[in-house]
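Structure file upload_7.txt (compact mmCIF, C-alpha atoms and all ligand atoms) is printed below.
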# COMPACT_ATOMS: atom_id res chain seq x y z
CA MET A 1 -69.67 38.92 24.72
CA ALA A 2 -68.79 35.28 25.63
CA ILE A 3 -69.34 32.53 28.19
CA LEU A 4 -66.45 30.83 29.99
CA TYR A 5 -66.88 27.21 31.09
CA LYS A 6 -64.58 25.89 33.82
CA SER A 7 -65.08 22.29 34.81
CA GLU A 8 -64.64 18.82 33.37
CA ALA A 9 -63.48 19.16 29.75
CA ARG A 10 -65.54 16.24 28.34
CA ARG A 11 -68.72 17.78 29.66
CA GLY A 12 -67.55 21.17 28.42
CA ALA A 13 -67.24 19.80 24.89
CA GLU A 14 -70.93 18.80 24.98
CA TRP A 15 -71.88 22.23 26.33
CA ALA A 16 -69.87 23.80 23.49
CA ARG A 17 -71.97 21.86 20.95
CA VAL A 18 -75.23 22.97 22.57
CA PHE A 19 -74.14 26.61 22.71
CA ALA A 20 -72.90 26.53 19.08
CA GLU A 21 -76.27 25.16 18.02
CA LYS A 22 -78.52 27.41 20.09
CA ARG A 23 -76.50 30.58 20.66
CA PRO A 24 -73.96 30.89 17.83
CA ASP A 25 -73.72 34.60 18.67
CA LEU A 26 -72.36 33.79 22.16
CA PRO A 27 -68.81 32.44 21.88
CA PHE A 28 -68.15 29.50 24.21
CA ARG A 29 -64.72 29.41 25.86
CA LEU A 30 -63.39 26.35 27.58
CA TRP A 31 -61.04 27.03 30.50
CA PRO A 32 -58.09 27.74 30.44
CA GLU A 33 -58.66 29.30 26.98
CA THR A 34 -60.40 32.44 28.21
CA GLY A 35 -59.77 34.62 25.16
CA ASP A 36 -60.22 38.32 25.93
CA PRO A 37 -61.29 38.33 29.61
CA THR A 38 -63.19 41.60 29.15
CA ALA A 39 -65.55 39.77 26.75
CA ILE A 40 -66.64 37.23 29.39
CA ARG A 41 -70.21 38.02 30.49
CA TYR A 42 -71.10 34.61 31.91
CA MET A 43 -69.21 31.86 33.67
CA ALA A 44 -70.36 28.28 34.26
CA VAL A 45 -68.05 26.72 36.84
CA TRP A 46 -67.61 24.17 39.56
CA VAL A 47 -64.99 26.44 41.13
CA PRO A 48 -64.34 29.89 39.62
CA PRO A 49 -60.90 31.16 38.57
CA ASP A 50 -58.90 32.60 41.49
CA ASP A 51 -58.93 36.10 40.09
CA LEU A 52 -62.53 37.01 39.30
CA ALA A 53 -61.48 40.67 39.09
CA ALA A 54 -59.72 39.80 35.82
CA PHE A 55 -63.21 39.48 34.27
CA PRO A 56 -64.58 42.99 34.79
CA ASN A 57 -67.69 42.53 32.63
CA LEU A 58 -68.91 39.32 34.24
CA GLU A 59 -72.69 39.51 34.77
CA VAL A 60 -73.66 36.06 36.10
CA LEU A 61 -71.79 33.21 37.80
CA PHE A 62 -73.48 29.86 37.14
CA SER A 63 -72.66 26.87 39.35
CA ILE A 64 -72.73 23.65 37.34
CA GLY A 65 -73.87 21.85 40.52
CA ALA A 66 -77.09 22.03 42.52
CA GLY A 67 -75.15 23.17 45.57
CA VAL A 68 -72.86 26.17 45.87
CA ASP A 69 -70.92 25.11 48.97
CA GLN A 70 -67.86 24.47 46.78
CA LEU A 71 -67.77 28.21 45.97
CA ASP A 72 -66.17 30.60 48.40
CA LEU A 73 -68.97 33.17 48.22
CA SER A 74 -66.90 35.69 50.19
CA ARG A 75 -64.63 35.95 47.13
CA VAL A 76 -67.52 36.62 44.76
CA PRO A 77 -68.41 40.32 44.48
CA ASP A 78 -71.76 41.13 46.08
CA HIS A 79 -73.28 42.56 42.92
CA LEU A 80 -72.66 39.37 40.95
CA PRO A 81 -75.64 36.97 40.88
CA VAL A 82 -74.71 33.36 41.66
CA VAL A 83 -77.08 30.84 40.10
CA ARG A 84 -77.20 27.17 41.04
CA MET A 85 -78.20 24.29 38.79
CA ILE A 86 -81.86 23.31 38.81
CA GLU A 87 -82.21 20.65 36.20
CA PRO A 88 -84.57 17.70 35.59
CA ALA A 89 -81.94 14.91 35.42
CA LEU A 90 -80.60 15.94 38.83
CA ALA A 91 -84.01 15.69 40.41
CA SER A 92 -84.94 12.34 38.87
CA GLY A 93 -81.54 10.80 39.67
CA MET A 94 -81.84 11.90 43.27
CA ALA A 95 -85.41 10.59 43.54
CA GLU A 96 -84.19 7.17 42.34
CA TYR A 97 -81.32 7.17 44.81
CA VAL A 98 -83.57 8.13 47.70
CA VAL A 99 -86.18 5.51 46.83
CA TRP A 100 -83.44 2.84 46.48
CA SER A 101 -81.84 3.73 49.79
CA VAL A 102 -85.09 4.04 51.73
CA LEU A 103 -86.29 0.67 50.38
CA SER A 104 -82.91 -0.85 51.23
CA LEU A 105 -83.06 0.36 54.82
CA HIS A 106 -86.75 -0.38 55.27
CA ARG A 107 -86.23 -3.94 53.94
CA ARG A 108 -83.05 -4.32 56.04
CA MET A 109 -80.81 -5.04 53.05
CA PRO A 110 -77.53 -4.17 54.81
CA PHE A 111 -78.42 -6.85 57.39
CA TYR A 112 -79.49 -9.47 54.83
CA LEU A 113 -76.51 -9.03 52.53
CA ARG A 114 -74.16 -9.32 55.47
CA GLU A 115 -76.04 -12.33 56.75
CA THR A 116 -76.12 -14.28 53.48
CA ARG A 117 -72.51 -13.43 52.60
CA GLY A 118 -71.46 -14.61 56.05
CA GLY A 119 -73.05 -18.03 55.50
CA GLY A 120 -76.22 -17.26 57.47
CA TRP A 121 -79.88 -17.34 56.49
CA GLY A 122 -81.41 -15.35 59.35
CA GLN A 123 -84.78 -13.72 58.80
CA GLN A 124 -86.42 -10.86 60.59
CA PRO A 125 -90.14 -10.03 60.69
CA LEU A 126 -91.31 -8.07 57.66
CA ARG A 127 -91.96 -4.45 58.53
CA GLU A 128 -94.82 -2.98 56.52
CA ALA A 129 -94.14 0.25 54.67
CA GLU A 130 -97.04 1.84 56.54
CA SER A 131 -95.10 1.43 59.79
CA CYS A 132 -91.76 2.72 58.47
CA ARG A 133 -91.77 6.48 58.89
CA VAL A 134 -89.52 8.33 56.47
CA GLY A 135 -88.36 11.89 57.11
CA VAL A 136 -86.45 14.11 54.72
CA MET A 137 -84.31 17.01 55.94
CA GLY A 138 -84.79 19.68 53.31
CA LEU A 139 -87.96 20.20 51.31
CA GLY A 140 -86.40 21.72 48.23
CA VAL A 141 -86.08 21.02 44.54
CA LEU A 142 -84.53 17.58 45.06
CA ALA A 143 -86.48 16.48 48.13
CA GLN A 144 -89.97 17.05 46.78
CA PRO A 145 -89.80 14.69 43.74
CA ALA A 146 -88.18 12.06 45.99
CA LEU A 147 -91.04 12.38 48.49
CA GLU A 148 -93.58 12.07 45.68
CA ARG A 149 -92.04 8.76 44.57
CA LEU A 150 -91.79 7.48 48.15
CA ALA A 151 -95.49 8.17 48.67
CA ALA A 152 -96.32 5.39 46.19
CA PHE A 153 -94.95 2.80 48.66
CA GLY A 154 -97.20 3.93 51.50
CA TYR A 155 -94.52 5.26 53.85
CA PRO A 156 -95.73 7.85 56.35
CA LEU A 157 -93.74 10.88 55.18
CA SER A 158 -92.43 13.96 56.89
CA GLY A 159 -90.08 16.76 55.95
CA TRP A 160 -88.14 19.51 57.67
CA SER A 161 -87.16 22.87 56.22
CA ARG A 162 -86.07 26.30 57.33
CA SER A 163 -89.25 28.12 56.34
CA ARG A 164 -92.74 26.68 56.57
CA ARG A 165 -93.60 24.49 53.55
CA THR A 166 -96.76 22.70 52.51
CA VAL A 167 -96.26 19.47 50.60
CA PRO A 168 -99.30 17.28 49.88
CA GLY A 169 -99.13 13.99 51.80
CA VAL A 170 -96.11 15.10 53.84
CA THR A 171 -96.17 16.24 57.48
CA CYS A 172 -94.04 19.36 57.35
CA TYR A 173 -91.90 20.73 60.16
CA ALA A 174 -89.97 23.99 60.12
CA GLY A 175 -87.05 25.49 61.96
CA ALA A 176 -84.94 24.48 64.93
CA ALA A 177 -87.91 24.49 67.32
CA GLU A 178 -89.67 21.72 65.39
CA LEU A 179 -86.60 19.61 64.71
CA PRO A 180 -86.99 17.32 67.77
CA ALA A 181 -90.62 16.46 66.86
CA PHE A 182 -89.56 15.77 63.28
CA LEU A 183 -86.65 13.54 64.31
CA ALA A 184 -88.74 11.54 66.77
CA GLY A 185 -90.83 10.34 63.82
CA CYS A 186 -88.06 9.22 61.43
CA ASP A 187 -87.40 5.48 61.21
CA VAL A 188 -85.42 6.39 58.12
CA LEU A 189 -83.87 9.85 57.96
CA VAL A 190 -82.74 11.24 54.60
CA CYS A 191 -80.52 14.34 54.46
CA LEU A 192 -81.07 16.57 51.43
CA LEU A 193 -79.99 19.88 52.96
CA PRO A 194 -77.60 22.32 51.37
CA LEU A 195 -74.28 22.60 53.20
CA THR A 196 -74.23 25.96 54.98
CA GLU A 197 -72.82 27.34 58.21
CA GLU A 198 -76.09 26.31 59.88
CA THR A 199 -76.25 22.77 58.54
CA ARG A 200 -72.57 21.73 58.70
CA GLY A 201 -72.14 18.87 61.18
CA MET A 202 -75.90 18.52 61.80
CA LEU A 203 -75.85 14.75 61.49
CA ASN A 204 -74.19 14.29 64.87
CA ALA A 205 -74.57 12.39 68.14
CA ASP A 206 -77.16 14.81 69.50
CA LEU A 207 -79.34 14.38 66.41
CA PHE A 208 -78.91 10.59 66.30
CA ALA A 209 -79.99 10.43 69.95
CA GLN A 210 -83.31 12.01 68.97
CA LEU A 211 -84.13 9.42 66.30
CA PRO A 212 -86.14 6.31 67.17
CA GLN A 213 -83.96 3.41 68.35
CA GLY A 214 -82.59 1.47 65.35
CA ALA A 215 -83.28 4.18 62.77
CA GLY A 216 -81.47 4.20 59.43
CA VAL A 217 -79.76 7.26 57.97
CA VAL A 218 -79.21 8.31 54.37
CA ASN A 219 -76.93 11.21 53.45
CA ALA A 220 -77.16 12.21 49.80
CA ALA A 221 -76.37 15.89 50.39
CA ARG A 222 -72.78 16.72 51.38
CA GLY A 223 -70.16 14.94 53.47
CA GLY A 224 -69.79 18.02 55.67
CA HIS A 225 -73.26 17.43 57.14
CA LEU A 226 -72.04 14.31 58.92
CA VAL A 227 -69.85 13.95 61.99
CA GLN A 228 -68.40 10.64 60.95
CA ALA A 229 -67.13 9.53 64.38
CA ASP A 230 -70.61 10.13 65.83
CA LEU A 231 -72.19 7.96 63.15
CA ILE A 232 -69.77 5.10 63.77
CA ALA A 233 -70.37 5.36 67.52
CA ALA A 234 -74.17 5.38 67.05
CA LEU A 235 -73.99 2.32 64.77
CA ASP A 236 -71.67 0.46 67.12
CA ALA A 237 -73.95 1.23 70.06
CA GLY A 238 -76.99 -0.07 68.16
CA ARG A 239 -78.66 3.35 68.34
CA LEU A 240 -78.73 3.37 64.52
CA SER A 241 -79.15 0.23 62.40
CA ALA A 242 -77.42 1.25 59.17
CA ALA A 243 -76.37 4.19 57.04
CA ILE A 244 -76.22 4.78 53.31
CA LEU A 245 -73.84 7.58 52.38
CA ASP A 246 -73.36 8.98 48.90
CA VAL A 247 -71.12 11.76 50.18
CA THR A 248 -68.22 11.90 52.60
CA ASP A 249 -65.66 14.43 53.78
CA PRO A 250 -63.11 14.07 52.30
CA GLU A 251 -64.10 12.42 49.03
CA PRO A 252 -63.01 9.76 48.53
CA PRO A 253 -62.51 8.61 52.12
CA PRO A 254 -58.95 7.34 52.67
CA GLY A 255 -58.28 3.62 52.20
CA GLY A 256 -58.37 2.62 55.86
CA ASP A 257 -61.28 4.88 56.76
CA ALA A 258 -63.75 3.45 59.29
CA LEU A 259 -66.67 4.14 56.95
CA ARG A 260 -65.24 1.90 54.24
CA ALA A 261 -64.89 -1.06 56.58
CA HIS A 262 -68.04 -0.68 58.65
CA PRO A 263 -70.48 -3.56 58.04
CA GLN A 264 -73.54 -1.34 58.57
CA VAL A 265 -72.43 1.40 56.20
CA TRP A 266 -73.05 1.36 52.47
CA LEU A 267 -70.99 3.90 50.56
CA THR A 268 -71.52 5.16 47.04
CA PRO A 269 -69.05 7.53 45.35
CA HIS A 270 -71.17 10.70 45.01
CA ILE A 271 -73.31 9.27 42.23
CA ALA A 272 -76.79 9.85 43.69
CA SER A 273 -77.53 12.22 40.87
CA MET A 274 -75.66 13.99 38.13
CA THR A 275 -76.55 16.85 35.88
CA GLY A 276 -77.47 15.79 32.38
CA TRP A 277 -74.76 17.36 30.22
CA ARG A 278 -77.04 18.58 27.48
CA SER A 279 -79.96 19.53 29.69
CA ALA A 280 -77.65 21.46 32.05
CA ALA A 281 -76.36 23.55 29.13
CA GLU A 282 -79.96 24.14 28.05
CA VAL A 283 -80.93 25.23 31.57
CA VAL A 284 -78.08 27.77 31.59
CA LEU A 285 -79.09 29.01 28.13
CA ALA A 286 -82.66 29.48 29.33
CA ASN A 287 -81.39 31.46 32.33
CA ILE A 288 -79.18 33.61 30.09
CA ALA A 289 -82.26 34.36 27.97
CA ARG A 290 -84.16 35.35 31.13
CA HIS A 291 -81.28 37.55 32.26
CA GLU A 292 -80.97 39.23 28.86
CA SER A 293 -84.68 40.01 28.75
CA GLY A 294 -84.72 41.34 32.31
CA ARG A 295 -86.70 38.42 33.77
CA PRO A 296 -85.72 36.70 37.05
CA MET A 297 -83.38 33.72 36.65
CA ASP A 298 -84.21 30.32 38.08
CA GLY A 299 -81.99 29.23 41.02
CA VAL A 300 -80.47 32.54 42.10
CA VAL A 301 -78.63 31.90 45.37
CA ASP A 302 -79.61 33.97 48.39
CA ARG A 303 -76.16 35.02 49.61
CA ALA A 304 -77.38 35.69 53.16
CA ARG A 305 -78.87 32.18 53.52
CA GLY A 306 -75.91 30.57 51.74
CA TYR A 307 -78.06 28.44 49.40
N1 LIG B 401 -75.21 13.53 46.18
C1 LIG B 401 -75.47 14.11 45.05
O1 LIG B 401 -75.24 13.55 43.97
C2 LIG B 401 -76.09 15.47 45.04
C3 LIG B 401 -76.58 15.97 43.83
C4 LIG B 401 -77.19 17.21 43.81
C5 LIG B 401 -77.34 17.94 44.98
N2 LIG B 401 -76.87 17.44 46.15
C6 LIG B 401 -77.03 18.20 47.40
O2 LIG B 401 -78.41 18.37 47.67
C7 LIG B 401 -78.59 19.66 48.25
C8 LIG B 401 -80.06 20.08 48.18
O3 LIG B 401 -80.39 20.44 46.87
P1 LIG B 401 -81.79 21.13 46.50
O4 LIG B 401 -81.70 21.50 45.07
O5 LIG B 401 -82.93 20.29 46.94
O6 LIG B 401 -81.72 22.44 47.42
P2 LIG B 401 -82.88 23.51 47.69
O7 LIG B 401 -83.91 23.45 46.63
O8 LIG B 401 -82.19 24.79 47.96
O9 LIG B 401 -83.55 22.99 49.03
C9 LIG B 401 -82.90 23.04 50.26
C10 LIG B 401 -83.88 22.69 51.37
O10 LIG B 401 -83.15 22.65 52.59
C11 LIG B 401 -83.80 23.50 53.54
N3 LIG B 401 -82.83 24.10 54.45
C12 LIG B 401 -81.74 24.86 54.14
N4 LIG B 401 -81.13 25.27 55.26
C13 LIG B 401 -81.86 24.79 56.30
C14 LIG B 401 -81.76 24.89 57.71
N5 LIG B 401 -80.78 25.59 58.29
N6 LIG B 401 -82.69 24.29 58.46
C15 LIG B 401 -83.71 23.61 57.88
N7 LIG B 401 -83.87 23.47 56.55
C16 LIG B 401 -82.95 24.05 55.77
C17 LIG B 401 -84.46 24.56 52.71
O11 LIG B 401 -85.47 25.20 53.47
P3 LIG B 401 -86.46 26.29 52.82
O12 LIG B 401 -87.43 25.46 52.01
O13 LIG B 401 -87.07 26.95 53.95
O14 LIG B 401 -85.59 27.18 51.95
C18 LIG B 401 -84.98 23.75 51.52
O15 LIG B 401 -86.19 23.12 51.83
C19 LIG B 401 -77.62 20.52 47.45
O16 LIG B 401 -77.29 21.70 48.15
C20 LIG B 401 -76.42 19.61 47.29
O17 LIG B 401 -75.53 19.79 48.35
C21 LIG B 401 -76.24 16.21 46.20

Once you've parsed the file, please lay out its structure as structure tokens.
Amino acid sequence: MAILYKSEARRGAEWARVFAEKRPDLPFRLWPETGDPTAIRYMAVWVPPDDLAAFPNLEVLFSIGAGVDQLDLSRVPDHLPVVRMIEPALASGMAEYVVWSVLSLHRRMPFYLRETRGGGWGQQPLREAESCRVGVMGLGVLAQPALERLAAFGYPLSGWSRSRRTVPGVTCYAGAAELPAFLAGCDVLVCLLPLTEETRGMLNADLFAQLPQGAGVVNAARGGHLVQADLIAALDAGRLSAAILDVTDPEPPPGGDALRAHPQVWLTPHIASMTGWRSAAEVVLANIARHESGRPMDGVVDRARGY
């Protein structure tokens, strides 16, 4: 019985130390050194090997990321549980990024940085936090800690999810029918949705048209959520004031890409949050212990929903 790790080698070396310390009975193999493939019971991957059938005794496929959109789930046998990463460093990193970007948009930092760099000194009236409504698309593991931190600033908060959620201090909307009401109340919109067939391309012209005039947009989920040309058009038309994007499609955007040059777009290179190397290995170990004792694992992906 062994675990196969297939992702960045430096991170894998840290995982190997944690596994050697905590589960010396479970050999840790670092791709491409698979050893005997019939011994592999667990895999921790960003993208799995092409031929999963070569590992006939595989019991669990762990994604080393919070999302599983990078996996082609149609190639993963139905009986094989796919487990995503739910890990404390991911949630706190994302909460910081969301707070930073919401504050930046609320306090009009893209405007002020452009203004002062361009030799100007223009000021705009200060908008109180209480009048800057912040809405988060997605009310999951990453969104909820971010909302908790945002609450400290006094922003009126709302959130939108697929199923009905109750989050203290947050006006919650659910499903396609309630999306227009949600969007109408977002001076800053933050996307923290998983990328699925339903959510791909959601940040588009139709959605931007439903936001209040001059709203700001943050995408810290996946580049595939955004229709880039629609964002540029909405910014150029003044419909949106600014956007902060941690993710793009493709990543990185090509050199001459309109997003890179746009004065109202701030780009970061997919750094909103990252799994803690050690804590991620510990989370997987805890899930393996649950699996081995017949208890439900944390973060099992619902294949029908796609997240
Ligand atoms: N930029 C980065 O560094 C970075 C880092 C980590 C993760 N991410 C991205 O963040 C995403 C979210 O992570 P998470 O852990 O918070 O996911 P999660 O716990 O699965 O939460 C997803 C939320 O989105 C909602 N949702 C899904 N499909 C929907 C739909 N069609 N309509 C409305 N709501 C929908 C879900 O609704 P229900 O509550 O009803 O299920 C849930 O509230 C990941 O999938 C990943 O792509 C980005």

Taking all atoms listed in the file into account, produce a table as CSV in which each residue of stretch 3-116 of chain A with an atom at most 9 Å from an atom of stretch 122-140 of chain A appears once, together with its shortest atom pair and the distance in Å to one decimal, ordered by chain and rising number.
residue,atom,partner,partner_atom,distance
A:Val102,CA,A:Val134,CA,7.8
A:Leu103,CA,A:Ala129,CA,9.0
A:His106,CA,A:Cys132,CA,6.7
A:Arg107,CA,A:Arg127,CA,7.4
A:Arg108,CA,A:Gln124,CA,8.7
A:Tyr112,CA,A:Gly122,CA,7.7
A:Glu115,CA,A:Gly122,CA,6.7
A:Thr116,CA,A:Gly122,CA,8.0

- Task: Point out the residue among A:Asn287, A:Ser241, A:Asn57, A:Thr196 with the least atom-to-atom distance to ligand LIG 401 (chain B), counting only C-alpha atoms and all ligand atoms.
- Result: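 Checking each candidate against ligand LIG 401 (chain B), we get A:Thr196 as the closest.
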
- Local residues around (-77.1, 20.8, 27.4), at most 12 Å away, using only C-alpha atoms, as number ranges by chain: A: 11-23, 64, 85, 87-89, 275-286

Near ligand LIG 401 (chain B), 7 Å: chain A residue rows, closest pairs, all atoms listed in the file, as CSV:
residue,atom,partner,partner_atom,distance
A:Gly65,CA,B:LIG401,C4,6.6
A:Ala66,CA,B:LIG401,C5,4.8
A:Gly67,CA,B:LIG401,O16,3.7
A:Val68,CA,B:LIG401,O16,6.7
A:Ile86,CA,B:LIG401,O4,6.5
A:Leu90,CA,B:LIG401,C4,6.2
A:Met94,CA,B:LIG401,C3,6.7
A:Met137,CA,B:LIG401,N7,6.5
A:Gly138,CA,B:LIG401,O10,3.5
A:Leu139,CA,B:LIG401,O15,3.5
A:Gly140,CA,B:LIG401,O9,3.2
A:Val141,CA,B:LIG401,O7,3.9
A:Leu142,CA,B:LIG401,O5,3.7
A:Ala143,CA,B:LIG401,O5,5.3
A:Trp160,CA,B:LIG401,N7,5.9
A:Ser161,CA,B:LIG401,N7,3.4
A:Arg162,CA,B:LIG401,O13,3.6
A:Ser163,CA,B:LIG401,O13,3.4
A:Arg164,CA,B:LIG401,O13,6.3
A:Arg165,CA,B:LIG401,O12,6.4
A:Ala174,CA,B:LIG401,C15,6.7
A:Gly175,CA,B:LIG401,C15,5.6
A:Ala176,CA,B:LIG401,N6,6.9
A:Leu192,CA,B:LIG401,C8,4.9
A:Leu193,CA,B:LIG401,O10,4.2
A:Pro194,CA,B:LIG401,O16,3.3
A:Leu195,CA,B:LIG401,O17,5.7
A:Thr196,CA,B:LIG401,N4,6.9
A:Glu198,CA,B:LIG401,N5,5.0
A:Thr199,CA,B:LIG401,N5,5.3
A:Ala220,CA,B:LIG401,N1,4.3
A:Ala221,CA,B:LIG401,C6,3.8
A:Arg222,CA,B:LIG401,O17,5.1
A:Asp246,CA,B:LIG401,N1,5.6
A:Val247,CA,B:LIG401,N1,6.0
A:His270,CA,B:LIG401,N1,5.1
A:Ile271,CA,B:LIG401,O1,5.0
A:Ala272,CA,B:LIG401,O1,4.0
A:Ser273,CA,B:LIG401,O1,4.1
A:Met274,CA,B:LIG401,O1,5.9
A:Tyr307,CA,B:LIG401,O8,5.7

- Please measure the separation of atom CA of A:Phe62 and atom CA of A:Leu203, giving the value in Å to one decimal.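 Computing the Euclidean distance for atom CA of A:Phe62 and atom CA of A:Leu203 yields 28.8 Å.
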
- Which value, in Å to one decimal, gives the distance between atom CA of A:Ser63 and atom CA of A:Arg290?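 We find that atom CA of A:Ser63 and atom CA of A:Arg290 lie 16.5 Å from each other.
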
- Which is closer to A:Leu30 than all the others in A:Arg260, A:Arg117, A:Arg10, A:Arg149, using all atoms listed in the file?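 Smallest distance to A:Leu30 is found for A:Arg10.
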
- Answer as a list in words, residues within 6 Å of (-79.9, 30.9, 40.7) using all atoms listed in the file: Val82, Val83, Arg84, Asp298, Gly299, Val300 and Val301 of chain A

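The closest residue to A:Ala215, picked from A:Ala181, A:Ala233, A:Leu105, A:Leu150 and counting only C-alpha atoms, is A:Leu105.
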